[in-house]
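Text of query.csv (CSV, C-alpha atoms and all ligand atoms) as supplied:
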chain,number,residue,atom,x,y,z
Q,891,MET,CA,19.3,-4.0,-31.1
Q,892,SER,CA,17.0,-3.4,-34.0
Q,893,GLU,CA,16.1,0.3,-34.2
Q,894,ARG,CA,12.6,-0.2,-35.5
Q,895,PRO,CA,9.8,-2.8,-34.8
Q,896,ALA,CA,8.5,-5.2,-37.5
Q,897,TYR,CA,5.4,-3.0,-38.0
Q,898,ASP,CA,5.1,0.6,-39.3
Q,899,LEU,CA,5.9,2.6,-36.2
Q,900,ASP,CA,5.2,6.0,-37.8
Q,901,ALA,CA,1.7,4.8,-38.8
Q,902,VAL,CA,1.1,3.5,-35.3
Q,903,ARG,CA,2.2,6.8,-33.8
Q,904,ARG,CA,-0.1,8.8,-36.0
Q,905,ARG,CA,-3.0,6.9,-34.4
Q,906,ILE,CA,-2.1,8.2,-30.9
Q,907,PRO,CA,-2.4,12.0,-30.8
Q,908,LEU,CA,-0.8,12.4,-27.3
Q,909,LEU,CA,2.6,11.2,-28.8
Q,910,ALA,CA,2.9,14.5,-30.7
Q,911,THR,CA,3.4,16.3,-27.4
Q,912,HIS,CA,4.5,13.8,-24.8
Q,913,VAL,CA,6.9,10.9,-24.2
Q,914,VAL,CA,4.2,8.4,-23.0
Q,915,MET,CA,5.8,5.7,-20.8
Q,916,ASN,CA,3.0,5.0,-18.3
Q,917,ALA,CA,1.1,2.1,-20.0
Q,918,CYS,CA,1.5,0.1,-16.7
Q,919,SER,CA,-1.0,2.6,-15.3
Q,920,GLN,CA,-3.1,4.1,-18.1
Q,921,ALA,CA,-2.6,3.6,-21.9
Q,922,PRO,CA,-2.9,6.7,-24.1
Q,923,GLN,CA,-6.0,7.3,-26.1
Q,924,SER,CA,-5.8,6.0,-29.6
Q,925,LEU,CA,-7.9,7.2,-32.6
Q,926,ALA,CA,-9.3,3.6,-32.6
Q,927,ALA,CA,-10.5,4.0,-29.0
Q,928,ARG,CA,-12.0,7.4,-29.7
Q,929,GLU,CA,-13.8,6.2,-32.8
Q,930,ALA,CA,-15.1,3.2,-30.9
Q,931,ALA,CA,-16.4,5.4,-28.0
Q,932,GLU,CA,-18.0,7.7,-30.5
Q,933,ALA,CA,-19.7,4.8,-32.3
Q,934,TYR,CA,-21.5,4.1,-29.0
Q,935,LEU,CA,-22.3,7.8,-28.3
Q,936,ASP,CA,-23.6,8.3,-31.8
Q,937,SER,CA,-25.8,5.2,-31.6
Q,938,TRP,CA,-27.2,6.4,-28.2
Q,939,ALA,CA,-27.8,9.9,-29.6
Q,940,ARG,CA,-29.3,8.7,-32.9
Q,941,ASP,CA,-31.3,5.7,-31.8
Q,942,GLY,CA,-32.1,6.4,-28.2
Q,943,MET,CA,-31.4,2.8,-27.5
Q,944,ASP,CA,-30.3,-0.2,-29.5
Q,945,TRP,CA,-29.8,-3.0,-27.0
Q,946,ASP,CA,-29.4,-5.7,-29.6
Q,947,ARG,CA,-26.5,-3.9,-31.1
Q,948,TRP,CA,-25.0,-2.9,-27.8
Q,949,ILE,CA,-25.2,-6.3,-26.3
Q,950,ALA,CA,-23.7,-7.7,-29.6
Q,951,GLU,CA,-20.7,-5.3,-29.0
Q,952,VAL,CA,-20.3,-6.7,-25.5
Q,953,GLU,CA,-20.2,-10.2,-27.0
Q,954,ALA,CA,-17.7,-9.0,-29.6
Q,955,ALA,CA,-15.5,-7.6,-26.8
Q,956,ARG,CA,-15.8,-10.9,-24.9
Q,957,ALA,CA,-14.8,-12.8,-28.1
Q,958,GLU,CA,-11.9,-10.4,-28.8
Q,959,PHE,CA,-10.5,-10.8,-25.3
Q,960,GLY,CA,-10.9,-14.6,-25.7
Q,961,ALA,CA,-9.0,-14.5,-29.0
Q,962,LEU,CA,-6.2,-12.5,-27.4
Q,963,ILE,CA,-5.7,-15.3,-24.9
Q,964,GLY,CA,-6.5,-18.3,-27.2
Q,965,ALA,CA,-9.9,-18.9,-25.5
Q,966,GLU,CA,-13.5,-19.4,-26.5
Q,967,PRO,CA,-15.9,-16.6,-25.7
Q,968,ALA,CA,-18.0,-19.0,-23.6
Q,969,ASP,CA,-15.1,-19.3,-21.2
Q,970,VAL,CA,-14.8,-15.5,-20.7
Q,971,ALA,CA,-16.9,-13.4,-18.2
Q,972,VAL,CA,-17.3,-9.7,-18.5
Q,973,ALA,CA,-16.8,-7.6,-15.4
Q,974,THR,CA,-16.4,-3.9,-14.6
Q,975,SER,CA,-13.0,-4.2,-12.8
Q,976,VAL,CA,-10.5,-6.9,-11.8
Q,977,SER,CA,-11.8,-6.5,-8.3
Q,978,GLN,CA,-15.3,-7.4,-9.4
Q,979,ALA,CA,-14.0,-10.3,-11.5
Q,980,THR,CA,-12.0,-11.6,-8.6
Q,981,ALA,CA,-15.0,-11.3,-6.3
Q,982,GLY,CA,-17.1,-13.3,-8.7
Q,983,VAL,CA,-14.6,-16.2,-8.6
Q,984,ALA,CA,-13.9,-15.8,-4.8
Q,985,THR,CA,-17.6,-15.8,-3.8
Q,986,GLY,CA,-18.2,-18.7,-6.2
Q,987,LEU,CA,-15.9,-20.9,-4.1
Q,988,ASP,CA,-16.8,-22.8,-1.0
Q,989,PHE,CA,-14.4,-22.3,1.9
Q,990,THR,CA,-16.4,-24.4,4.5
Q,991,GLY,CA,-15.0,-27.8,3.5
Q,992,ARG,CA,-11.7,-29.6,3.9
Q,993,ARG,CA,-10.1,-27.0,1.7
Q,994,TYR,CA,-10.3,-23.4,3.0
Q,995,GLY,CA,-6.9,-22.0,2.4
Q,996,ILE,CA,-6.1,-19.1,0.0
Q,997,VAL,CA,-2.4,-18.6,-0.8
Q,998,VAL,CA,-1.9,-15.1,-2.0
Q,999,SER,CA,1.3,-13.9,-3.6
Q,1000,GLY,CA,2.8,-10.7,-2.2
Q,1001,ALA,CA,3.0,-9.5,-5.8
Q,1002,GLU,CA,-0.8,-9.1,-6.1
Q,1003,PHE,CA,-2.1,-5.7,-6.8
Q,1004,PRO,CA,-3.7,-4.9,-3.3
Q,1005,THR,CA,-7.3,-5.0,-4.6
Q,1006,VAL,CA,-6.9,-8.7,-5.4
Q,1007,ALA,CA,-5.6,-9.5,-2.0
Q,1008,HIS,CA,-8.4,-7.4,-0.4
Q,1009,VAL,CA,-11.0,-9.5,-2.2
Q,1010,TRP,CA,-9.4,-12.8,-1.0
Q,1011,ARG,CA,-9.1,-11.4,2.6
Q,1012,ALA,CA,-12.8,-10.6,2.5
Q,1013,GLN,CA,-13.5,-14.3,2.2
Q,1014,GLU,CA,-12.1,-14.9,5.7
Q,1015,ARG,CA,-15.6,-13.9,7.0
Q,1016,LEU,CA,-16.9,-17.0,5.0
Q,1017,GLY,CA,-14.4,-19.5,6.5
Q,1018,ALA,CA,-11.3,-18.9,4.4
Q,1019,GLU,CA,-7.8,-18.5,5.8
Q,1020,VAL,CA,-5.3,-16.4,3.8
Q,1021,TRP,CA,-1.6,-17.0,3.7
Q,1022,THR,CA,0.5,-14.4,2.0
Q,1023,ILE,CA,3.8,-15.2,0.3
Q,1024,PRO,CA,6.1,-12.2,0.8
Q,1025,VAL,CA,8.1,-10.6,-2.0
Q,1026,GLY,CA,11.9,-10.9,-1.2
Q,1027,GLU,CA,14.5,-8.2,-1.1
Q,1028,ASP,CA,15.3,-8.9,-4.7
Q,1029,GLY,CA,11.7,-7.9,-5.8
Q,1030,THR,CA,10.6,-11.4,-6.6
Q,1031,ILE,CA,8.9,-14.3,-4.8
Q,1032,HIS,CA,11.0,-17.4,-4.2
Q,1033,PHE,CA,9.3,-20.4,-5.6
Q,1034,GLU,CA,10.1,-22.6,-2.6
Q,1035,ASP,CA,7.9,-20.3,-0.5
Q,1036,TYR,CA,4.9,-21.6,-2.5
Q,1037,ASP,CA,6.1,-25.1,-2.0
Q,1038,GLY,CA,6.0,-24.6,1.7
Q,1039,ALA,CA,2.6,-22.9,1.7
Q,1040,VAL,CA,0.4,-24.8,-0.7
Q,1041,ASN,CA,-1.0,-28.0,1.0
Q,1042,ALA,CA,-4.0,-30.2,1.3
Q,1043,THR,CA,-6.1,-27.4,2.9
Q,1044,THR,CA,-5.4,-25.0,0.0
Q,1045,LEU,CA,-8.4,-24.3,-2.2
Q,1046,VAL,CA,-6.9,-21.5,-4.4
Q,1047,VAL,CA,-3.6,-19.8,-5.1
Q,1048,SER,CA,-3.6,-16.2,-6.4
Q,1049,ALA,CA,-0.6,-15.1,-8.3
Q,1050,ALA,CA,-0.3,-12.1,-10.6
Q,1051,HIS,CA,1.6,-12.8,-13.8
Q,1052,GLY,CA,3.4,-9.4,-13.8
Q,1053,TYR,CA,4.2,-7.7,-10.5
Q,1054,TYR,CA,2.8,-4.1,-10.7
Q,1055,GLN,CA,5.7,-2.7,-8.7
Q,1056,ASN,CA,8.6,-3.8,-11.0
Q,1057,GLY,CA,7.1,-5.8,-13.9
Q,1058,TRP,CA,8.7,-9.1,-12.7
Q,1059,LYS,CA,6.8,-12.1,-14.1
Q,1060,GLN,CA,5.9,-15.1,-12.1
Q,1061,ASP,CA,6.5,-18.5,-13.6
Q,1062,ILE,CA,2.9,-19.5,-14.1
Q,1063,ALA,CA,3.6,-22.9,-15.7
Q,1064,SER,CA,5.7,-24.1,-12.8
Q,1065,LEU,CA,3.3,-22.7,-10.2
Q,1066,ALA,CA,0.4,-24.3,-12.0
Q,1067,ALA,CA,2.1,-27.7,-11.8
Q,1068,LEU,CA,2.7,-27.4,-8.1
Q,1069,VAL,CA,-0.7,-26.0,-7.3
Q,1070,HIS,CA,-2.5,-28.8,-9.3
Q,1071,GLU,CA,-0.3,-31.5,-7.9
Q,1072,ARG,CA,-1.6,-30.4,-4.5
Q,1073,GLY,CA,-5.2,-30.3,-5.7
Q,1074,ALA,CA,-5.8,-26.6,-5.6
Q,1075,LEU,CA,-6.8,-24.0,-8.2
Q,1076,LEU,CA,-4.7,-21.2,-9.7
Q,1077,TYR,CA,-6.0,-17.6,-10.1
Q,1078,VAL,CA,-3.8,-15.4,-12.3
Q,1079,ASP,CA,-4.2,-11.6,-12.6
Q,1080,ALA,CA,-2.5,-10.9,-15.9
Q,1081,TYR,CA,-3.3,-7.2,-16.1
Q,1082,GLN,CA,0.4,-6.1,-16.1
Q,1083,THR,CA,1.4,-8.5,-19.0
Q,1084,LEU,CA,-1.5,-8.9,-21.4
Q,1085,GLY,CA,-0.9,-6.8,-24.4
Q,1086,THR,CA,2.8,-6.9,-24.1
Q,1087,GLU,CA,3.4,-10.5,-25.2
Q,1088,PRO,CA,1.5,-13.6,-26.4
Q,1089,PHE,CA,-0.4,-15.3,-23.6
Q,1090,ASP,CA,-2.3,-18.5,-24.2
Q,1091,ALA,CA,-4.7,-19.1,-21.2
Q,1092,PRO,CA,-5.6,-22.7,-22.0
Q,1093,SER,CA,-2.0,-23.9,-22.1
Q,1094,SER,CA,-0.8,-21.5,-19.3
Q,1095,GLY,CA,-1.8,-23.9,-16.5
Q,1096,ALA,CA,-4.0,-21.3,-14.8
Q,1097,ASP,CA,-7.6,-22.0,-13.9
Q,1098,PHE,CA,-8.6,-18.4,-14.0
Q,1099,VAL,CA,-7.0,-15.4,-15.9
Q,1100,ALA,CA,-8.3,-11.9,-15.2
Q,1101,SER,CA,-7.4,-8.5,-16.7
Q,1102,GLY,CA,-8.8,-5.1,-17.2
Q,1103,THR,CA,-8.0,-3.1,-20.4
Q,1104,LEU,CA,-6.7,0.3,-19.4
Q,1105,LYS,CA,-3.1,-0.6,-19.2
Q,1106,PHE,CA,-1.2,-2.4,-22.0
Q,1107,LEU,CA,-4.5,-3.3,-23.8
Q,1108,MET,CA,-5.0,0.3,-24.8
Q,1109,GLY,CA,-8.5,0.7,-23.3
Q,1110,MET,CA,-10.2,2.6,-20.6
Q,1111,PRO,CA,-11.5,2.0,-17.0
Q,1112,GLY,CA,-14.9,0.3,-16.4
Q,1113,ILE,CA,-14.4,-3.1,-18.0
Q,1114,ALA,CA,-12.5,-6.3,-17.2
Q,1115,PHE,CA,-12.6,-9.9,-18.2
Q,1116,VAL,CA,-11.9,-13.2,-16.5
Q,1117,TRP,CA,-11.3,-16.5,-18.3
Q,1118,VAL,CA,-12.3,-19.7,-16.6
Q,1119,ARG,CA,-10.8,-23.0,-17.6
Q,1120,PRO,CA,-13.5,-25.0,-19.4
Q,1121,GLY,CA,-15.3,-27.2,-17.0
Q,1122,ALA,CA,-14.1,-25.2,-13.9
Q,1123,ALA,CA,-17.0,-22.7,-13.9
Q,1124,ASP,CA,-19.7,-25.1,-13.1
Q,1125,ALA,CA,-18.4,-25.6,-9.6
Q,1126,LEU,CA,-18.7,-21.9,-8.9
Q,1127,HIS,CA,-21.9,-20.4,-7.4
Q,1128,PRO,CA,-21.0,-16.7,-7.0
Q,1129,THR,CA,-22.8,-14.7,-4.4
Q,1130,ALA,CA,-21.6,-11.6,-6.2
Q,1131,THR,CA,-24.0,-12.1,-9.0
Q,1132,GLY,CA,-26.8,-10.4,-11.1
Q,1133,TRP,CA,-29.3,-11.0,-13.9
Q,1134,PHE,CA,-26.7,-11.3,-16.7
Q,1135,GLY,CA,-25.2,-14.3,-14.8
Q,1136,ARG,CA,-28.5,-16.2,-15.2
Q,1137,ARG,CA,-29.2,-18.8,-17.9
Q,1138,ASP,CA,-31.8,-16.4,-19.4
Q,1139,PRO,CA,-31.4,-12.9,-18.2
Q,1140,PHE,CA,-34.5,-11.9,-20.1
Q,1141,ALA,CA,-36.8,-14.4,-18.4
Q,1142,PHE,CA,-37.5,-11.6,-15.9
Q,1143,ASP,CA,-38.2,-13.9,-12.9
Q,1144,ALA,CA,-36.3,-14.0,-9.6
Q,1145,HIS,CA,-35.4,-17.7,-10.0
Q,1146,LEU,CA,-31.7,-18.1,-9.1
Q,1147,ASP,CA,-29.9,-20.3,-11.6
Q,1148,TRP,CA,-26.4,-19.9,-12.9
Q,1149,ALA,CA,-25.6,-19.7,-16.6
Q,1150,ASP,CA,-23.4,-22.4,-18.1
Q,1151,GLY,CA,-19.7,-21.7,-18.3
Q,1152,ALA,CA,-17.9,-18.5,-17.4
Q,1153,ARG,CA,-21.0,-16.4,-18.1
Q,1154,ARG,CA,-22.3,-17.2,-14.6
Q,1155,LEU,CA,-19.7,-14.7,-13.5
Q,1156,ASP,CA,-21.4,-11.9,-15.4
Q,1157,THR,CA,-23.4,-9.6,-13.1
Q,1158,GLY,CA,-25.5,-6.6,-14.0
Q,1159,THR,CA,-26.0,-4.4,-17.1
Q,1160,PRO,CA,-22.6,-4.8,-18.9
Q,1161,PRO,CA,-20.2,-1.9,-19.5
Q,1162,ILE,CA,-21.2,-1.0,-23.1
Q,1163,LEU,CA,-19.2,2.0,-24.0
Q,1164,GLU,CA,-16.2,0.4,-22.4
Q,1165,ALA,CA,-16.8,-2.8,-24.4
Q,1166,TYR,CA,-16.6,-0.8,-27.7
Q,1167,VAL,CA,-13.3,0.7,-26.6
Q,1168,ALA,CA,-11.9,-2.6,-25.2
Q,1169,ARG,CA,-12.5,-4.4,-28.5
Q,1170,ALA,CA,-10.8,-1.6,-30.5
Q,1171,GLY,CA,-7.7,-1.7,-28.3
Q,1172,ILE,CA,-7.3,-5.4,-28.3
Q,1173,ALA,CA,-8.0,-5.8,-32.0
Q,1174,TRP,CA,-5.3,-3.3,-32.8
Q,1175,LEU,CA,-2.7,-5.2,-30.8
Q,1176,ARG,CA,-3.8,-8.5,-32.4
Q,1177,GLU,CA,-3.5,-6.9,-35.8
Q,1178,LEU,CA,0.0,-5.7,-35.1
Q,1179,GLY,CA,0.9,-9.1,-33.7
Q,1180,LEU,CA,1.8,-9.8,-30.0
Q,1181,GLU,CA,5.1,-11.5,-31.0
Q,1182,GLN,CA,6.1,-8.3,-32.8
Q,1183,VAL,CA,4.9,-6.1,-29.9
Q,1184,ALA,CA,6.9,-8.3,-27.4
Q,1185,ALA,CA,10.1,-8.1,-29.5
Q,1186,TRP,CA,9.9,-4.3,-29.7
Q,1187,THR,CA,8.9,-3.7,-26.0
Q,1188,ARG,CA,11.7,-6.0,-24.9
Q,1189,ALA,CA,14.2,-4.1,-27.0
Q,1190,LEU,CA,13.0,-0.8,-25.6
Q,1191,ALA,CA,13.0,-2.2,-22.0
Q,1192,ALA,CA,16.6,-3.5,-22.5
Q,1193,ARG,CA,17.7,0.0,-23.7
Q,1194,LEU,CA,15.9,1.6,-20.7
Q,1195,VAL,CA,17.7,-0.7,-18.2
Q,1196,GLU,CA,21.1,-0.3,-19.7
Q,1197,GLY,CA,20.8,3.4,-20.3
Q,1198,GLY,CA,19.5,4.0,-16.8
Q,1199,ARG,CA,22.3,2.1,-15.3
Q,1200,ALA,CA,24.9,3.9,-17.4
Q,1201,MET,CA,23.4,7.2,-15.9
Q,1202,GLY,CA,23.7,5.9,-12.4
Q,1203,LEU,CA,19.9,5.3,-11.9
Q,1204,GLU,CA,19.1,2.5,-9.5
Q,1205,THR,CA,16.7,-0.2,-10.9
Q,1206,MET,CA,14.5,-2.3,-8.6
Q,1207,GLY,CA,13.7,-5.9,-9.2
Q,1208,PRO,CA,14.8,-8.2,-12.0
Q,1209,THR,CA,15.8,-6.5,-15.2
Q,1210,ALA,CA,16.4,-9.2,-17.8
Q,1211,PRO,CA,13.9,-8.4,-20.6
Q,1212,GLY,CA,12.4,-12.0,-20.7
Q,1213,ALA,CA,12.0,-12.0,-16.9
Q,1214,LYS,CA,9.6,-9.1,-16.7
Q,1215,ALA,CA,7.0,-7.0,-18.5
Q,1216,PRO,CA,8.3,-3.9,-20.3
Q,1217,THR,CA,7.9,-2.0,-17.0
Q,1218,THR,CA,11.1,-1.0,-15.2
Q,1219,ALA,CA,11.1,0.5,-11.7
Q,1220,PHE,CA,13.7,3.1,-10.8
Q,1221,ARG,CA,14.2,3.8,-7.1
Q,1222,CYS,CA,13.6,7.4,-6.0
Q,1223,ALA,CA,13.0,9.0,-2.6
Q,1224,ASP,CA,9.9,11.0,-3.7
Q,1225,SER,CA,8.3,9.0,-6.5
Q,1226,HIS,CA,5.2,11.2,-6.7
Q,1227,GLY,CA,7.4,14.3,-6.9
Q,1228,VAL,CA,9.4,12.7,-9.7
Q,1229,GLU,CA,6.2,11.8,-11.6
Q,1230,VAL,CA,5.1,15.4,-11.4
Q,1231,ALA,CA,8.5,16.7,-12.4
Q,1232,LEU,CA,8.7,14.3,-15.4
Q,1233,ARG,CA,5.2,15.4,-16.5
Q,1234,ALA,CA,6.4,19.0,-16.4
Q,1235,ARG,CA,9.1,17.9,-18.9
Q,1236,GLY,CA,6.5,16.2,-21.1
Q,1237,VAL,CA,7.3,12.6,-19.9
Q,1238,LEU,CA,4.4,10.5,-18.6
Q,1239,ALA,CA,5.6,7.9,-16.0
Q,1240,SER,CA,3.9,6.3,-13.0
Q,1241,ALA,CA,4.9,6.4,-9.3
Q,1242,ARG,CA,4.4,3.4,-7.1
Q,1243,GLY,CA,5.8,3.3,-3.6
Q,1244,PRO,CA,9.5,3.9,-3.6
Q,1245,ALA,CA,9.8,3.7,-7.4
Q,1246,ILE,CA,9.0,5.6,-10.6
Q,1247,ARG,CA,7.9,3.1,-13.3
Q,1248,LEU,CA,8.7,3.6,-16.9
Q,1249,ALA,CA,6.8,1.3,-19.2
Q,1250,PRO,CA,7.5,1.5,-22.9
Q,1251,HIS,CA,4.9,0.0,-25.2
Q,1252,PHE,CA,4.6,-0.8,-28.9
Q,1253,TYR,CA,4.2,2.9,-29.9
Q,1254,ASN,CA,7.4,4.1,-28.2
Q,1255,THR,CA,10.7,4.9,-30.0
Q,1256,THR,CA,14.3,4.6,-28.9
Q,1257,GLU,CA,14.3,8.4,-28.7
Q,1258,ASP,CA,11.4,8.2,-26.2
Q,1259,VAL,CA,13.4,6.0,-24.0
Q,1260,ASP,CA,16.5,8.2,-24.1
Q,1261,ARG,CA,14.4,11.4,-23.5
Q,1262,ALA,CA,12.7,9.8,-20.5
Q,1263,LEU,CA,16.0,8.7,-19.0
Q,1264,ASP,CA,17.6,12.1,-19.6
Q,1265,ALA,CA,14.7,13.8,-17.8
Q,1266,LEU,CA,14.7,11.3,-14.9
Q,1267,ALA,CA,18.5,11.5,-14.4
Q,1268,GLU,CA,18.3,15.3,-14.4
Q,1269,ILE,CA,15.5,15.3,-11.8
Q,1270,GLN,CA,17.3,12.8,-9.6
Q,1271,GLU,CA,20.5,14.8,-9.9
Q,1272,ALA,CA,18.7,18.0,-8.9
Q,1273,ALA,CA,17.2,16.2,-5.9
Q,1274,ARG,CA,20.7,15.1,-4.7
Q,1275,ARG,CA,22.0,18.6,-4.8
U,1301,LIG,C1,-2.0,-6.1,-11.7
U,1301,LIG,C2,-3.2,-5.2,-11.4
U,1301,LIG,N1,-4.4,-5.8,-11.0
U,1301,LIG,C3,-5.5,-5.1,-10.7
U,1301,LIG,C4,-5.4,-3.7,-10.8
U,1301,LIG,C5,-6.7,-2.9,-10.4
U,1301,LIG,O1,-7.8,-3.6,-10.8
U,1301,LIG,P1,-9.3,-2.9,-10.8
U,1301,LIG,O2,-9.1,-1.5,-10.4
U,1301,LIG,O3,-9.8,-3.2,-12.1
U,1301,LIG,O4,-10.1,-3.7,-9.8
U,1301,LIG,C6,-4.2,-3.1,-11.2
U,1301,LIG,C7,-4.1,-1.6,-11.3
U,1301,LIG,O5,-4.9,-0.8,-11.4
U,1301,LIG,C8,-3.1,-3.9,-11.5
U,1301,LIG,O6,-2.0,-3.3,-11.8

Do you think you could lay out the structure here as structure tokens?
Ligand SMILES: Cc1ncc(COP(=O)(O)O)c(C=O)c1O
Amino acid sequence: MSERPAYDLDAVRRRIPLLATHVVMNACSQAPQSLAAREAAEAYLDSWARDGMDWDRWIAEVEAARAEFGALIGAEPADVAVATSVSQATAGVATGLDFTGRRYGIVVSGAEFPTVAHVWRAQERLGAEVWTIPVGEDGTIHFEDYDGAVNATTLVVSAAHGYYQNGWKQDIASLAALVHERGALLYVDAYQTLGTEPFDAPSSGADFVASGTLKFLMGMPGIAFVWVRPGAADALHPTATGWFGRRDPFAFDAHLDWADGARRLDTGTPPILEAYVARAGIAWLRELGLEQVAAWTRALAARLVEGGRAMGLETMGPTAPGAKAPTTAFRCADSHGVEVALRARGVLASARGPAIRLAPHFYNTTEDVDRALDALAEIQEAARR
């Protein structure tokens, strides 16, 4: 395994102050603050303090963030909507669909972050019927289960790209082929994979791709994006809407039209400070190169899995680097207690259900991985005694 990534790791690490004091391995939950993010937030705060208001410039920043997210996934800005969370982005799509016709079924993967499943379930009041595809004992969904569930009544299938519990990646291309062959749409929540590897939305097969920015995209809460396949947006008439989803938000009349393209999923006043920060995080990753980031995070993830096994730690779910995001789940009886104990040792990790998740990102070193594993093994050993 290469001991260094293709980019200047020391220079990268100097841009993340938290790395001076912590082993940061919780990007699957919240990325650390970078100087780029801080400078971006300060640019907004300075503008607000200095100018009072500068809507032209602030809205231009929102547009720049929209374009940056689009560039990350190989898409045009016109095909990207700006939301405040993945929940809201999903609600825009969900309430834009019509479940009263021949197609009323929603097939939801058991690997969805619960909020996405909640939004789909809420559509049952409007005529939808939800089928959930369970996650198997092995921590994955068996493809044949989709085959059995997607039929002529299915309107949309919702499948996260990366499973938040263990990082396992669903095969979006194969799923898209199946879903489209049956005449349905495919909604993909890529929050747990974007920023860890290249992802091209137009060629992925998905009809919708959503993500927030506070995980591997190095951003903060309060902003999310959803890409809509060109041409697919015009069939959506979201009831979760607002003035920024209109053709001309500044017409200041109450006439309800829908903007062309993905913009019709925009809602109220956009998250401006968050847009500044989101652009900075995504731009940094694009500058480093997503191929390079993927190569390094896979190398670190492989070291994490092998090292953990050698120490007797039990992994959960698939562990082959290409089969999952950099996140690895280790089983532990009291995951929250382990998260707290790791934090006390200077290691930031993230508990989810029966697992503690360690998620190396582009700024981590091999020493980080080894230190995190040593700390985890020590805590688990102490718990057994
Ligand atoms: C895959 C995934 N989707 C969605 C969310 C949450 O979305 P939001 O809080 O932006 O609605 C999370 C975690 O917070 C997640 O891991």

ask   = Neighbours of ligand LIG 1301 (chain U) within 8 Å, counting only C-alpha atoms and all ligand atoms, as a list of chain:residue names?
value =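 Checked against 8 Å with only C-alpha atoms and all ligand atoms; the hits are Q:Cys918, Q:Ser919, Q:Thr974, Q:Ser975, Q:Val976, Q:Ser977, Q:Gln978, Q:Ala979, Q:Glu1002, Q:Phe1003, Q:Pro1004, Q:Thr1005, Q:Val1006, Q:Ala1050, Q:His1051, Q:Gly1052, Q:Tyr1053, Q:Tyr1054, Q:Asp1079, Q:Ala1080, Q:Tyr1081, Q:Gln1082, Q:Ser1101, Q:Gly1102, Q:Lys1105, Q:Pro1111, Q:Gly1112, Q:Ile1113, Q:Ala1114.
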
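The smallest atom-to-atom distance between Thr1103 in chain Q and any of Q:Val1118, Q:Pro1139, Q:Val902, Q:Gln920, using all atoms listed in the file, is found for Q:Gln920.
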
task = Give as a ChimeraX atom specification every residue, naming chains and numbers as the document does, that has an atom within 7 Å of (-12.9, -17.2, -14.8), counting all atoms listed in the file.
result = /Q:970-971,983,1098-1099,1116-1119,1123,1152

request  = Tell me, in Å to one decimal, how far CA of Leu962 in chain Q is from CA of Gly1207 in chain Q.
outcome  =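 About the pair CA of Leu962 in chain Q and CA of Gly1207 in chain Q: they are 27.8 Å apart.
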
Kindly provide, as a PDB file with C-alpha atoms, in the coordinates of the input, the polymer residues lying within 6 Å of (-19.7, -18.4, -4.6), counting all atoms listed in the file and using the coordinates exactly as they appear in the file.
ATOM      1  CA  THR Q 985     -17.600 -15.800  -3.800  1.00  0.00           C
ATOM      2  CA  GLY Q 986     -18.200 -18.700  -6.200  1.00  0.00           C
ATOM      3  CA  LEU Q 987     -15.900 -20.900  -4.100  1.00  0.00           C
ATOM      4  CA  LEU Q1126     -18.700 -21.900  -8.900  1.00  0.00           C
ATOM      5  CA  HIS Q1127     -21.900 -20.400  -7.400  1.00  0.00           C
ATOM      6  CA  PRO Q1128     -21.000 -16.700  -7.000  1.00  0.00           C
ATOM      7  CA  THR Q1129     -22.800 -14.700  -4.400  1.00  0.00           C
TER       8      THR Q1129
END

request  = Go through Q:Val997, Q:Phe1220, Q:Ala930, Q:Pro1024 one by one, measure the shortest atom-to-atom distance of each to Met1110 in chain Q using only C-alpha atoms, and give the residue with the smallest value.
outcome  =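 With only C-alpha atoms as the atom set, the closest residue is Q:Ala930.
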
request  = May I ask which of the residues Q:Ala1265, Q:Ala917, Q:Ile1162, Q:Val972 is the closest one to Ala1215 in chain Q, counting only C-alpha atoms?
outcome  = Q:Ala917

message = Report, in Å to a single decimal, how far apart CA of Leu1155 in chain Q and CA of Ala1012 in chain Q are.
response =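 Going from CA of Ala1012 in chain Q over to CA of Leu1155 in chain Q, I get 17.9 Å.
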
ask   = Using all atoms listed in the file, which of Q:Thr1131, Q:Asn1056, Q:Asn1254, Q:Thr1187 sits nearest Thr1209 in chain Q?
value = Q:Asn1056

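The interatomic distance for the pair CA of Gly1236 in chain Q and CA of Glu1271 in chain Q works out to 18.0 Å.
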
ask   = From the set Q:Arg1136, Q:Arg1169, Q:Arg903, Q:Arg1193, which residue has the shortest atom-to-atom contact distance to Glu929 in chain Q, counting all atoms listed in the file?
value =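 Of all the options, Q:Arg1169 lies closest to Glu929 in chain Q.
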
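Counting all atoms listed in the file, Asn1041 in chain Q has the following residues at most 9 Å away, ignoring those fewer than 3 positions along the same chain: Gly995, Asp1037, Gly1038, Thr1044, Leu1045, Val1069, Arg1072, Gly1073 and Ala1074 of chain Q.
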
Spatial neighbours of Tyr897 in chain Q, max dist 12 Å, only C-alpha atoms, sep filter under 6 positions, as a PyMOL selection string = chain Q and resi 903+1174-1175+1177-1186+1252-1253

request  = Check the smallest atom-to-atom distance from each of Q:Arg928, Q:Arg1274, Q:Arg956, Q:His1145 to Pro1161 in chain Q using only C-alpha atoms, then report the winner.
outcome  =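 Counting only C-alpha atoms, the residue closest to Pro1161 in chain Q is Q:Arg956.
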
inquiry  = List the spatial neighbours of Ser937 in chain Q as a ChimeraX atom specification - criterion: any atom at most 10 Å away, only C-alpha atoms, same-chain residues fewer than 6 positions off excluded.
reply    = /Q:943-944,947-948
